[in-house]
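Structure file structure.cif (mmCIF, C-alpha atoms) is printed below.
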```
data_coords
loop_
_atom_site.label_atom_id
_atom_site.label_comp_id
_atom_site.auth_asym_id
_atom_site.auth_seq_id
_atom_site.Cartn_x
_atom_site.Cartn_y
_atom_site.Cartn_z
CA MET W 1 -0.92 -12.13 39.00
CA TYR W 2 -0.81 -9.56 36.21
CA GLN W 3 -2.29 -6.16 37.07
CA PHE W 4 -4.25 -4.72 34.16
CA ASN W 5 -3.80 -1.01 33.79
CA PHE W 6 -6.17 0.62 31.32
CA GLU W 7 -5.88 4.10 32.79
CA PRO W 8 -3.05 5.49 30.59
CA VAL W 9 -4.78 4.01 27.52
CA PHE W 10 -8.05 5.80 28.15
CA ALA W 11 -6.19 8.99 29.14
CA ALA W 12 -4.80 9.09 25.59
CA PHE W 13 -7.93 7.71 23.94
CA ASP W 14 -8.23 10.74 21.61
CA THR W 15 -4.96 9.83 19.85
CA LEU W 16 -6.44 6.42 19.08
CA LEU W 17 -9.61 8.05 17.75
CA ILE W 18 -7.55 10.32 15.48
CA GLY W 19 -5.79 7.22 14.16
CA ALA W 20 -9.12 5.44 13.69
CA TRP W 21 -10.50 8.40 11.71
CA PHE W 22 -7.40 8.29 9.50
CA THR W 23 -7.89 4.53 8.93
CA ILE W 24 -11.52 5.14 7.93
CA GLN W 25 -10.63 7.98 5.54
CA MET W 26 -7.74 6.09 3.97
CA SER W 27 -9.79 2.89 3.55
CA CYS W 28 -12.73 4.70 1.98
CA MET W 29 -10.46 6.58 -0.40
CA ALA W 30 -8.61 3.38 -1.34
CA MET W 31 -11.96 1.64 -1.88
CA LEU W 32 -13.28 4.33 -4.25
CA LEU W 33 -10.03 4.52 -6.22
CA GLY W 34 -9.70 0.73 -6.15
CA LEU W 35 -13.28 0.36 -7.35
CA ALA W 36 -12.48 2.55 -10.35
CA VAL W 37 -9.42 0.39 -11.06
CA SER W 38 -11.57 -2.75 -10.69
CA ILE W 39 -14.22 -1.55 -13.11
CA PHE W 40 -11.58 -0.73 -15.73
CA GLY W 41 -9.89 -4.06 -15.05
CA ALA W 42 -13.10 -6.06 -15.27
CA VAL W 43 -14.29 -4.30 -18.42
CA GLY W 44 -10.80 -4.84 -19.92
CA LYS W 45 -10.92 -8.50 -18.95
CA THR W 46 -14.32 -9.07 -20.53
CA SER W 47 -13.71 -6.84 -23.58
CA GLY W 48 -12.36 -9.68 -25.73
CA VAL W 49 -9.23 -7.66 -26.60
CA ARG W 50 -6.42 -10.17 -26.16
CA LEU W 51 -3.68 -7.76 -25.02
CA LEU W 52 -5.93 -6.13 -22.40
CA ASN W 53 -6.95 -9.55 -21.19
CA VAL W 54 -3.34 -10.64 -20.65
CA LEU W 55 -2.32 -7.38 -18.96
CA VAL W 56 -5.23 -7.52 -16.52
CA ASP W 57 -4.44 -11.20 -15.81
CA ILE W 58 -0.81 -10.42 -15.01
CA TYR W 59 -1.80 -7.56 -12.69
CA VAL W 60 -4.42 -9.62 -10.85
CA GLU W 61 -2.24 -12.73 -10.46
CA ILE W 62 0.82 -10.80 -9.22
CA ILE W 63 -1.17 -8.93 -6.59
CA ARG W 64 -3.23 -11.91 -5.46
CA ASN W 65 -0.22 -14.20 -5.04
CA THR W 66 2.08 -11.91 -3.03
CA PRO W 67 1.54 -10.61 0.53
CA PHE W 68 0.22 -7.08 1.02
CA LEU W 69 3.14 -6.36 3.37
CA VAL W 70 5.62 -7.15 0.58
CA GLN W 71 3.66 -4.96 -1.85
CA ILE W 72 3.78 -2.03 0.52
CA TYR W 73 7.52 -2.52 1.17
CA PHE W 74 8.05 -2.63 -2.58
CA ILE W 75 6.20 0.65 -3.08
CA PHE W 76 7.76 2.45 -0.13
CA PHE W 77 11.32 1.05 -0.07
CA GLY W 78 11.74 -0.38 -3.58
CA LEU W 79 10.31 2.31 -5.86
CA PRO W 80 12.62 5.12 -4.64
CA ALA W 81 15.42 3.19 -6.44
CA LEU W 82 13.57 4.09 -9.66
CA GLY W 83 13.27 7.70 -8.52
CA ILE W 84 9.65 7.43 -7.33
CA ARG W 85 9.48 8.80 -3.80
CA MET W 86 6.37 8.97 -1.65
CA SER W 87 5.43 9.85 1.91
CA PRO W 88 4.37 6.87 4.05
CA ASN W 89 0.71 7.91 3.82
CA GLN W 90 0.81 8.27 0.03
CA ALA W 91 2.55 4.90 -0.30
CA ALA W 92 -0.08 3.33 1.97
CA LEU W 93 -2.95 4.73 -0.09
CA LEU W 94 -1.34 3.59 -3.34
CA ALA W 95 -0.66 0.09 -1.99
CA LEU W 96 -4.22 -0.31 -0.70
CA THR W 97 -5.67 0.94 -3.99
CA VAL W 98 -3.55 -1.39 -6.11
CA ASN W 99 -4.36 -4.31 -3.82
CA PHE W 100 -8.12 -3.67 -3.69
CA GLY W 101 -8.11 -3.10 -7.46
CA ALA W 102 -6.88 -6.64 -8.13
CA TYR W 103 -9.41 -8.39 -5.87
CA GLY W 104 -12.16 -6.04 -7.05
CA THR W 105 -11.38 -6.82 -10.70
CA GLU W 106 -11.96 -10.53 -10.10
CA ILE W 107 -15.17 -9.87 -8.17
CA ILE W 108 -16.67 -7.46 -10.71
CA ARG W 109 -15.59 -9.67 -13.62
CA ALA W 110 -17.65 -12.46 -12.07
CA GLY W 111 -20.57 -10.01 -11.84
CA ILE W 112 -20.26 -8.98 -15.49
CA ASN W 113 -20.09 -12.62 -16.57
CA SER W 114 -23.32 -13.30 -14.70
CA ILE W 115 -25.20 -10.86 -16.96
CA ASN W 116 -27.25 -12.52 -19.65
CA ARG W 117 -26.12 -11.58 -23.17
CA GLY W 118 -29.77 -11.18 -24.13
CA GLN W 119 -30.00 -8.18 -21.77
CA ILE W 120 -27.23 -6.38 -23.64
CA GLU W 121 -28.72 -7.25 -27.03
CA ALA W 122 -32.12 -6.01 -25.88
CA ALA W 123 -30.59 -2.74 -24.69
CA GLN W 124 -28.85 -2.27 -28.04
CA ALA W 125 -32.08 -3.09 -29.85
CA ILE W 126 -34.00 -0.33 -28.10
CA GLY W 127 -31.26 2.10 -29.13
CA LEU W 128 -29.23 2.72 -25.99
CA SER W 129 -25.76 4.09 -26.67
CA TRP W 130 -22.65 2.04 -25.94
CA LEU W 131 -21.99 4.01 -22.74
CA GLN W 132 -25.61 3.68 -21.57
CA VAL W 133 -25.51 -0.08 -22.10
CA LEU W 134 -22.28 -0.31 -20.12
CA ARG W 135 -23.60 1.85 -17.31
CA TYR W 136 -27.20 0.71 -16.84
CA VAL W 137 -27.23 -2.80 -18.23
CA VAL W 138 -23.76 -4.09 -17.43
CA ILE W 139 -22.11 -2.29 -14.52
CA LYS W 140 -25.03 -1.53 -12.24
CA PRO W 141 -26.55 -5.03 -12.28
CA ALA W 142 -23.03 -6.52 -12.08
CA LEU W 143 -22.28 -4.46 -8.98
CA ARG W 144 -25.59 -5.49 -7.51
CA ALA W 145 -24.87 -9.18 -8.10
CA VAL W 146 -21.50 -9.01 -6.36
CA TYR W 147 -22.33 -6.37 -3.74
CA PRO W 148 -21.95 -8.73 -0.74
CA ALA W 149 -18.55 -9.98 -1.97
CA LEU W 150 -17.43 -6.42 -2.62
CA THR W 151 -18.41 -5.17 0.83
CA SER W 152 -16.67 -8.03 2.62
CA GLN W 153 -13.60 -7.31 0.51
CA PHE W 154 -13.80 -3.72 1.75
CA ILE W 155 -13.86 -4.88 5.37
CA PHE W 156 -10.78 -7.01 4.60
CA LEU W 157 -9.16 -3.91 3.12
CA MET W 158 -9.88 -1.88 6.23
CA LEU W 159 -8.57 -4.56 8.59
CA GLY W 160 -5.60 -5.26 6.32
CA SER W 161 -4.76 -1.55 6.34
CA SER W 162 -3.37 -1.99 9.87
CA VAL W 163 -0.26 -3.31 8.10
CA VAL W 164 0.54 0.19 6.77
CA SER W 165 1.79 1.02 10.26
CA ALA W 166 4.89 -1.00 9.25
CA ILE W 167 6.01 1.92 7.07
CA SER W 168 4.90 4.39 9.77
CA ALA W 169 1.80 5.72 8.06
CA THR W 170 -0.36 7.44 10.70
CA ASP W 171 -3.24 4.97 11.02
CA LEU W 172 -4.96 3.43 14.06
CA THR W 173 -2.34 0.69 14.54
CA ALA W 174 0.46 3.27 14.38
CA ALA W 175 -1.39 5.33 17.00
CA GLY W 176 -1.50 2.16 19.12
CA ASN W 177 2.24 1.61 18.58
CA ASP W 178 3.01 5.19 19.68
CA LEU W 179 0.83 4.83 22.75
CA ASN W 180 2.53 1.51 23.52
CA SER W 181 5.99 3.06 23.51
CA LEU W 182 4.75 5.88 25.76
CA THR W 183 2.90 3.79 28.35
CA PHE W 184 4.44 0.28 28.09
CA ALA W 185 0.95 -1.08 28.72
CA SER W 186 1.27 -3.18 25.55
CA PHE W 187 -1.48 -5.71 26.14
CA GLU W 188 -4.03 -3.11 27.21
CA VAL W 189 -3.17 -0.75 24.34
CA TYR W 190 -3.62 -3.42 21.68
CA LEU W 191 -6.74 -4.81 23.32
CA VAL W 192 -8.39 -1.39 23.13
CA THR W 193 -7.09 -0.81 19.58
CA THR W 194 -8.49 -4.19 18.51
CA ALA W 195 -11.85 -3.32 20.08
CA ILE W 196 -11.95 -0.11 18.01
CA TYR W 197 -11.26 -2.11 14.83
CA LEU W 198 -14.03 -4.55 15.76
CA MET W 199 -16.44 -1.65 16.26
CA MET W 200 -15.44 -0.18 12.91
CA SER W 201 -15.98 -3.43 11.03
CA ILE W 202 -19.40 -3.92 12.65
CA ALA W 203 -20.38 -0.32 11.87
CA PHE W 204 -19.29 -0.68 8.24
CA SER W 205 -21.14 -3.95 7.71
CA ILE W 206 -24.34 -2.33 9.04
CA ALA W 207 -23.78 0.76 6.88
CA PHE W 208 -23.21 -1.39 3.80
CA SER W 209 -26.40 -3.35 4.26
CA VAL W 210 -28.37 -0.08 4.57
CA ILE W 211 -26.66 1.38 1.48
CA GLY W 212 -27.25 -1.84 -0.45
CA ARG W 213 -30.94 -1.77 0.33
CA THR W 214 -31.36 1.82 -0.91
CA TRP W 215 -29.09 1.74 -3.99
CA PHE W 216 -30.16 -1.55 -5.39
CA ALA W 217 -33.82 -1.32 -4.39
CA TYR W 218 -35.40 -2.41 -7.65
CA PRO W 219 -37.10 -5.70 -8.38
CA VAL W 220 -35.37 -8.48 -10.30
CA ASN W 221 -37.24 -10.79 -12.61
CA ARG W 222 -35.99 -14.32 -12.59
CA MET H 223 30.25 -0.91 5.54
CA ILE H 224 27.73 -1.88 2.86
CA ARG H 225 27.46 -5.55 2.14
CA GLU H 226 27.45 -6.78 -1.47
CA PHE H 227 24.29 -8.45 -2.70
CA GLY H 228 25.83 -11.76 -3.78
CA THR H 229 25.04 -15.48 -3.88
CA GLY H 230 25.29 -15.79 -0.10
CA GLU H 231 22.56 -13.18 0.38
CA VAL H 232 20.30 -14.81 -2.21
CA ILE H 233 20.75 -18.20 -0.53
CA TYR H 234 19.95 -16.69 2.88
CA ILE H 235 16.65 -15.31 1.55
CA VAL H 236 15.72 -18.46 -0.38
CA LEU H 237 16.41 -20.65 2.67
CA ALA H 238 14.17 -18.43 4.81
CA ILE H 239 11.23 -19.86 2.86
CA ARG H 240 11.43 -22.91 5.11
CA TRP H 241 10.22 -20.83 8.05
CA THR H 242 7.37 -19.41 5.98
CA ILE H 243 6.41 -22.96 4.96
CA ALA H 244 6.78 -24.30 8.51
CA LEU H 245 4.61 -21.55 9.96
CA SER H 246 2.01 -22.00 7.22
CA LEU H 247 1.87 -25.77 7.82
CA ILE H 248 1.50 -25.40 11.59
CA ALA H 249 -1.22 -22.78 11.21
CA PHE H 250 -2.98 -24.87 8.55
CA LEU H 251 -2.92 -28.13 10.50
CA GLY H 252 -3.87 -26.43 13.77
CA GLY H 253 -6.45 -24.40 11.91
CA ALA H 254 -7.90 -27.53 10.31
CA LEU H 255 -8.43 -29.09 13.73
CA GLY H 256 -9.83 -25.87 15.19
CA GLY H 257 -11.82 -25.13 12.05
CA LEU H 258 -13.52 -28.52 12.08
CA THR H 259 -14.50 -27.99 15.72
CA VAL H 260 -15.80 -24.50 14.98
CA ALA H 261 -17.70 -25.66 11.88
CA LEU H 262 -19.34 -28.57 13.75
CA ALA H 263 -20.25 -26.28 16.65
CA ARG H 264 -21.65 -23.77 14.18
CA VAL H 265 -24.06 -26.31 12.63
CA SER H 266 -24.89 -28.14 15.87
CA THR H 267 -28.34 -28.13 17.44
CA ASN H 268 -26.88 -26.91 20.75
CA ASN H 269 -27.63 -23.19 21.08
CA SER H 270 -24.70 -22.23 23.28
CA ALA H 271 -22.18 -24.10 21.10
CA ARG H 272 -23.57 -22.34 18.05
CA LEU H 273 -23.42 -18.97 19.76
CA ALA H 274 -19.85 -19.49 20.97
CA ALA H 275 -18.68 -20.57 17.50
CA THR H 276 -20.41 -17.58 15.87
CA GLY H 277 -18.81 -15.20 18.37
CA PHE H 278 -15.38 -16.73 17.77
CA ILE H 279 -15.72 -16.35 13.99
CA ARG H 280 -17.02 -12.75 14.22
CA LEU H 281 -14.24 -11.78 16.59
CA PHE H 282 -11.44 -13.13 14.40
CA GLN H 283 -12.94 -12.02 11.09
CA GLY H 284 -13.74 -8.56 12.44
CA THR H 285 -10.29 -7.63 13.75
CA PRO H 286 -6.94 -7.27 11.96
CA LEU H 287 -4.58 -10.25 12.01
CA LEU H 288 -1.78 -7.88 13.03
CA MET H 289 -3.69 -6.95 16.20
CA GLN H 290 -4.32 -10.65 16.92
CA LEU H 291 -0.57 -11.22 16.63
CA PHE H 292 0.21 -8.32 18.97
CA ILE H 293 -2.32 -9.42 21.57
CA VAL H 294 -1.06 -13.00 21.61
CA TYR H 295 2.56 -11.80 21.62
CA PHE H 296 2.09 -9.51 24.61
CA GLY H 297 -0.44 -11.83 26.24
CA LEU H 298 1.90 -14.86 26.39
CA ASN H 299 3.71 -13.30 29.31
CA ILE H 300 0.44 -12.70 31.17
CA VAL H 301 -0.58 -16.35 31.04
CA GLY H 302 2.91 -17.36 32.17
CA LEU H 303 4.43 -18.48 28.87
CA PRO H 304 7.77 -17.18 27.58
CA THR H 305 7.57 -14.27 25.15
CA SER H 306 8.59 -15.76 21.82
CA ALA H 307 7.74 -14.51 18.34
CA TRP H 308 7.68 -18.09 17.05
CA LEU H 309 5.12 -19.26 19.62
CA ALA H 310 3.01 -16.10 19.30
CA ALA H 311 2.90 -16.37 15.49
CA ALA H 312 1.99 -20.06 15.63
CA ILE H 313 -0.83 -19.51 18.14
CA ALA H 314 -2.27 -16.37 16.52
CA LEU H 315 -2.21 -17.82 12.99
CA THR H 316 -3.76 -21.09 14.22
CA LEU H 317 -6.64 -19.22 15.86
CA HIS H 318 -7.01 -17.03 12.78
CA ALA H 319 -7.08 -20.06 10.47
CA SER H 320 -9.57 -21.85 12.76
CA ALA H 321 -12.03 -18.99 12.44
CA PHE H 322 -11.73 -18.70 8.64
CA LEU H 323 -11.73 -22.46 7.95
CA GLY H 324 -14.60 -22.84 10.42
CA GLU H 325 -16.69 -20.38 8.43
CA ILE H 326 -15.72 -21.89 5.06
CA TRP H 327 -16.45 -25.44 6.19
CA ARG H 328 -19.73 -24.46 7.84
CA GLY H 329 -20.90 -23.35 4.40
CA CYS H 330 -19.73 -26.64 2.89
CA ILE H 331 -21.48 -28.75 5.52
CA GLN H 332 -24.69 -26.81 5.05
CA ALA H 333 -24.40 -27.24 1.26
CA VAL H 334 -24.86 -31.00 1.65
CA PRO H 335 -28.57 -31.59 0.91
CA SER H 336 -30.65 -32.00 4.08
CA GLY H 337 -32.08 -35.24 2.68
CA GLN H 338 -28.74 -36.84 3.51
CA THR H 339 -29.13 -35.99 7.19
CA GLU H 340 -32.72 -37.21 7.15
CA ALA H 341 -31.72 -40.46 5.46
CA ALA H 342 -28.96 -40.99 8.04
CA ASP H 343 -31.50 -40.34 10.79
CA ALA H 344 -33.94 -42.77 9.21
CA LEU H 345 -31.22 -45.43 9.29
CA ALA H 346 -30.79 -44.64 13.01
CA TYR H 347 -27.16 -43.59 12.58
CA ASN H 348 -25.77 -41.79 15.59
CA TYR H 349 -24.21 -38.32 15.33
CA ILE H 350 -20.63 -39.56 14.85
CA THR H 351 -21.48 -42.07 12.13
CA ARG H 352 -23.73 -39.56 10.38
CA MET H 353 -21.01 -36.91 10.30
CA LYS H 354 -18.03 -39.20 9.64
CA ASP H 355 -19.56 -41.47 7.01
CA VAL H 356 -22.32 -39.41 5.42
CA ILE H 357 -22.04 -35.63 5.74
CA LEU H 358 -18.32 -34.79 6.02
CA PRO H 359 -17.12 -36.87 3.02
CA GLN H 360 -19.60 -35.03 0.82
CA ALA H 361 -18.76 -31.66 2.38
CA ALA H 362 -15.04 -32.33 1.81
CA ARG H 363 -15.57 -32.45 -1.94
CA ILE H 364 -17.26 -29.05 -1.85
CA ALA H 365 -14.56 -27.70 0.47
CA ALA H 366 -11.51 -28.67 -1.62
CA ALA H 367 -11.39 -25.52 -3.78
CA PRO H 368 -12.11 -22.84 -1.14
CA THR H 369 -9.74 -24.55 1.33
CA THR H 370 -6.88 -24.45 -1.20
CA GLY H 371 -7.72 -20.80 -1.82
CA PHE H 372 -7.53 -20.09 1.89
CA LEU H 373 -4.15 -21.81 2.10
CA VAL H 374 -2.81 -19.18 -0.31
CA GLN H 375 -4.24 -16.45 1.92
CA LEU H 376 -2.65 -18.09 4.96
CA ILE H 377 0.81 -18.31 3.38
CA LYS H 378 0.61 -14.61 2.56
CA SER H 379 -0.59 -13.86 6.10
CA THR H 380 2.51 -15.45 7.64
CA SER H 381 4.43 -12.41 6.34
CA LEU H 382 2.90 -10.41 9.20
CA ALA H 383 4.88 -12.53 11.67
CA SER H 384 7.91 -10.52 10.51
CA ILE H 385 6.45 -7.45 12.24
CA ILE H 386 6.65 -9.12 15.67
CA GLY H 387 10.21 -10.18 14.83
CA PHE H 388 9.88 -13.75 13.54
CA THR H 389 12.50 -14.33 10.84
CA GLU H 390 10.68 -15.81 7.85
CA LEU H 391 10.86 -14.83 4.19
CA THR H 392 9.74 -11.18 4.51
CA ARG H 393 11.98 -10.48 7.50
CA ALA H 394 14.97 -12.17 5.85
CA GLY H 395 14.42 -9.85 2.89
CA GLN H 396 14.28 -6.83 5.19
CA VAL H 397 17.50 -7.83 6.93
CA ILE H 398 19.35 -8.24 3.63
CA SER H 399 17.78 -5.09 2.20
CA ASN H 400 19.02 -3.05 5.18
CA ALA H 401 22.51 -4.52 4.95
CA THR H 402 22.98 -4.17 1.19
CA PHE H 403 20.95 -1.02 0.43
CA LYS H 404 19.42 -2.79 -2.56
CA PRO H 405 15.72 -2.69 -1.56
CA PHE H 406 14.39 -2.83 -5.11
CA VAL H 407 16.17 -6.07 -6.04
CA VAL H 408 15.75 -7.72 -2.63
CA ILE H 409 12.03 -7.01 -2.23
CA SER H 410 11.40 -8.07 -5.84
CA LEU H 411 13.16 -11.37 -5.08
CA VAL H 412 11.01 -11.86 -1.96
CA ALA H 413 7.86 -11.13 -3.99
CA VAL H 414 8.91 -13.62 -6.69
CA LEU H 415 9.51 -16.32 -4.05
CA TYR H 416 6.04 -15.77 -2.55
CA PHE H 417 4.60 -15.90 -6.05
CA ILE H 418 6.32 -19.23 -6.78
CA LEU H 419 4.88 -20.58 -3.54
CA CYS H 420 1.34 -19.28 -4.01
CA TRP H 421 0.62 -19.33 -7.72
CA PRO H 422 0.53 -23.13 -8.21
CA LEU H 423 -1.90 -23.35 -5.29
CA SER H 424 -4.08 -20.61 -6.80
CA LEU H 425 -4.13 -22.49 -10.11
CA ALA H 426 -4.98 -25.72 -8.30
CA ALA H 427 -7.85 -23.98 -6.49
CA LYS H 428 -9.22 -22.70 -9.79
CA ARG H 429 -8.90 -26.15 -11.41
CA LEU H 430 -10.64 -27.85 -8.47
CA GLU H 431 -13.44 -25.31 -8.72
CA THR H 432 -14.08 -25.84 -12.45
CA ARG H 433 -13.87 -29.62 -12.02
CA PHE H 434 -16.37 -29.48 -9.18
CA ASP H 435 -18.72 -27.18 -11.10
CA ARG H 436 -18.65 -29.52 -14.06
CA ALA H 437 -19.32 -32.55 -11.84
CA VAL H 438 -22.31 -30.83 -10.24
CA ALA H 439 -23.71 -29.53 -13.52
CA ARG H 440 -23.83 -33.02 -14.98
#
```

What would you get if you wrote out this structure as structure tokens?
Amino acid sequence: MYQFNFEPVFAAFDTLLIGAWFTIQMSCMAMLLGLAVSIFGAVGKTSGVRLLNVLVDIYVEIIRNTPFLVQIYFIFFGLPALGIRMSPNQAALLALTVNFGAYGTEIIRAGINSINRGQIEAAQAIGLSWLQVLRYVVIKPALRAVYPALTSQFIFLMLGSSVVSAISATDLTAAGNDLNSLTFASFEVYLVTTAIYLMMSIAFSIAFSVIGRTWFAYPVNR
Amino acid sequence: MIREFGTGEVIYIVLAIRWTIALSLIAFLGGALGGLTVALARVSTNNSARLAATGFIRLFQGTPLLMQLFIVYFGLNIVGLPTSAWLAAAIALTLHASAFLGEIWRGCIQAVPSGQTEAADALAYNYITRMKDVILPQAARIAAAPTTGFLVQLIKSTSLASIIGFTELTRAGQVISNATFKPFVVISLVAVLYFILCWPLSLAAKRLETRFDRAVAR
């Protein structure tokens, strides 16, 4: 009968918490940067400029049809051949941003397409500037329409970020790996690490629903 | 001694696709069986079945696949099975696929209008006939596009099996990259091979979706 031994895991629990905090910071940063990429991508995709359209398509299709692990290996091991060198943590952040940007572009594009053309024409008719139309009439309602899809994509991003431990970035999974090689209590270490991830994803989904209710708290006429 | 990156190395990487495909197929078939069970439990009238299915889905969708792989890998030994990366990857990916397909198919089953269930009840069909002949065939049409989309996600997910030491496409690339010191070329080749595998499926998913939308709009 296997004897479970959680003692060494909880003795070093603070190292796991440090890793978890890093995962949260890195995921949030990647989400914000990736969101900016997505908005540019989606606006480019819906702009009607043919070249932009093709470029965004190529970016989105390449990222969505290759594994994240291969993307991160490419950035960390492949790019130095072109003279671009990064620390593991920088490479991890870049990979997560590029990855989230592609999925986000598709999501936000769908949101922009859901906006009635009449809304934009009405906004132009009452004299809003081009930037005001984009900001208040296109992007905000588009984000509102796809908010649930965007938040679940963020949770995927956070969970997927455990893969960055493969290039020894200092995230929660890497903290688990270190603890594993110190204690040899593999099963217990990863069980506790997984529980922390589960807690984080529950906490984020609650936080997102609260944020969604405050940010997008205006009535819609349908 | 640095190895040259020649035809032999390219063939080694290309042939490693068979393990990626094999693992994807096992996880998909196992996941289809598990997913159907989870989806049916999720829409059943039995409270405890519904609760168990919901818990299963939340657990697997709320934790990283890499952690699921590690737990199965190190847990095999505890339940008395031999520690093998192959077995661990197959089990973890099957469970993972069951949870995701279960959630996707639940949505598809619930998208079938409730009048269909009522009509089946009115004809005194039993549960099995109602599901097999009335509800599931209609749900399958709705499910075609998202299921194909998930297959792409699953193929990409099999790359994580390389981290626990299973030699599929990603790991084969790593091995060659370490031996030849040509990471840029090797990893690009691996990425292209994944793309060739996934892109047709992505296109098929998109086509199925537009065809379905058009059929429903009519």

For the structure shown, which residues end up in the PyMOL selection byres ((chain H) within 8 of (chain W))? Put them as number ranges by chain, please? H: 281, 284-290, 292-293, 296-297, 300, 374, 378-379, 381-382, 385, 392, 405-407, 409-410, 412-414, 416-417, 420-421, 424

Restricting the output to C-alpha atoms, write the selected residues as a PDB file, keeping the file's coordinate frame.
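Below you can see out36.pdb, which holds the result:
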```pdb
ATOM      1  CA  LEU H 281     -14.240 -11.780  16.590  1.00  0.00           C
ATOM      2  CA  GLY H 284     -13.740  -8.560  12.440  1.00  0.00           C
ATOM      3  CA  THR H 285     -10.290  -7.630  13.750  1.00  0.00           C
ATOM      4  CA  PRO H 286      -6.940  -7.270  11.960  1.00  0.00           C
ATOM      5  CA  LEU H 287      -4.580 -10.250  12.010  1.00  0.00           C
ATOM      6  CA  LEU H 288      -1.780  -7.880  13.030  1.00  0.00           C
ATOM      7  CA  MET H 289      -3.690  -6.950  16.200  1.00  0.00           C
ATOM      8  CA  GLN H 290      -4.320 -10.650  16.920  1.00  0.00           C
ATOM      9  CA  PHE H 292       0.210  -8.320  18.970  1.00  0.00           C
ATOM     10  CA  ILE H 293      -2.320  -9.420  21.570  1.00  0.00           C
ATOM     11  CA  PHE H 296       2.090  -9.510  24.610  1.00  0.00           C
ATOM     12  CA  GLY H 297      -0.440 -11.830  26.240  1.00  0.00           C
ATOM     13  CA  ILE H 300       0.440 -12.700  31.170  1.00  0.00           C
ATOM     14  CA  VAL H 374      -2.810 -19.180  -0.310  1.00  0.00           C
ATOM     15  CA  LYS H 378       0.610 -14.610   2.560  1.00  0.00           C
ATOM     16  CA  SER H 379      -0.590 -13.860   6.100  1.00  0.00           C
ATOM     17  CA  SER H 381       4.430 -12.410   6.340  1.00  0.00           C
ATOM     18  CA  LEU H 382       2.900 -10.410   9.200  1.00  0.00           C
ATOM     19  CA  ILE H 385       6.450  -7.450  12.240  1.00  0.00           C
ATOM     20  CA  THR H 392       9.740 -11.180   4.510  1.00  0.00           C
ATOM     21  CA  PRO H 405      15.720  -2.690  -1.560  1.00  0.00           C
ATOM     22  CA  PHE H 406      14.390  -2.830  -5.110  1.00  0.00           C
ATOM     23  CA  VAL H 407      16.170  -6.070  -6.040  1.00  0.00           C
ATOM     24  CA  ILE H 409      12.030  -7.010  -2.230  1.00  0.00           C
ATOM     25  CA  SER H 410      11.400  -8.070  -5.840  1.00  0.00           C
ATOM     26  CA  VAL H 412      11.010 -11.860  -1.960  1.00  0.00           C
ATOM     27  CA  ALA H 413       7.860 -11.130  -3.990  1.00  0.00           C
ATOM     28  CA  VAL H 414       8.910 -13.620  -6.690  1.00  0.00           C
ATOM     29  CA  TYR H 416       6.040 -15.770  -2.550  1.00  0.00           C
ATOM     30  CA  PHE H 417       4.600 -15.900  -6.050  1.00  0.00           C
ATOM     31  CA  CYS H 420       1.340 -19.280  -4.010  1.00  0.00           C
ATOM     32  CA  TRP H 421       0.620 -19.330  -7.720  1.00  0.00           C
ATOM     33  CA  SER H 424      -4.080 -20.610  -6.800  1.00  0.00           C
TER      34      SER H 424
END
```

Carefully work through the PyMOL selection byres ((chain W and resi 103) around 12) for this structure and note down the residues it includes, as a PyMOL selection string. chain W and resi 31+34-35+37-39+41-42+56-57+59-65+68+96-102+104-110+149-154+156-157

Residues near Leu323 in chain H, cut-off 12 Å, all atoms listed in the file, skip fewer than 4 positions along chain, as a ChimeraX atom specification: /H:249-262,264,275,278-279,282-283,315-319,327-331,365-366,368-373,375-376

Straight-line distance linking CA of Ala342 in chain H with CA of Lys354 in chain H, stated in Å to one decimal: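 Computing the Euclidean distance for CA of Ala342 in chain H and CA of Lys354 in chain H yields 11.2 Å.
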
Would you kindly return, as a VMD selection string, each protein, DNA or RNA residue with an atom no farther than 12 Å from any atom of Val232 in chain H, considering all atoms listed in the file and excluding same-chain residues fewer than 2 positions away? chain H and resid 226 to 230 234 to 239 391 394 to 395 397 to 399 402 407 to 412 415

Å distance separating CA of Phe322 in chain H from CA of Ala203 in chain W, one decimal place: 20.6 Å

Decode the PyMOL selection byres ((chain W and resi 115-129) around 12) for the given file into explicit residues and return them as a PyMOL selection string. chain W and resi 46+108-114+130-146+221-222
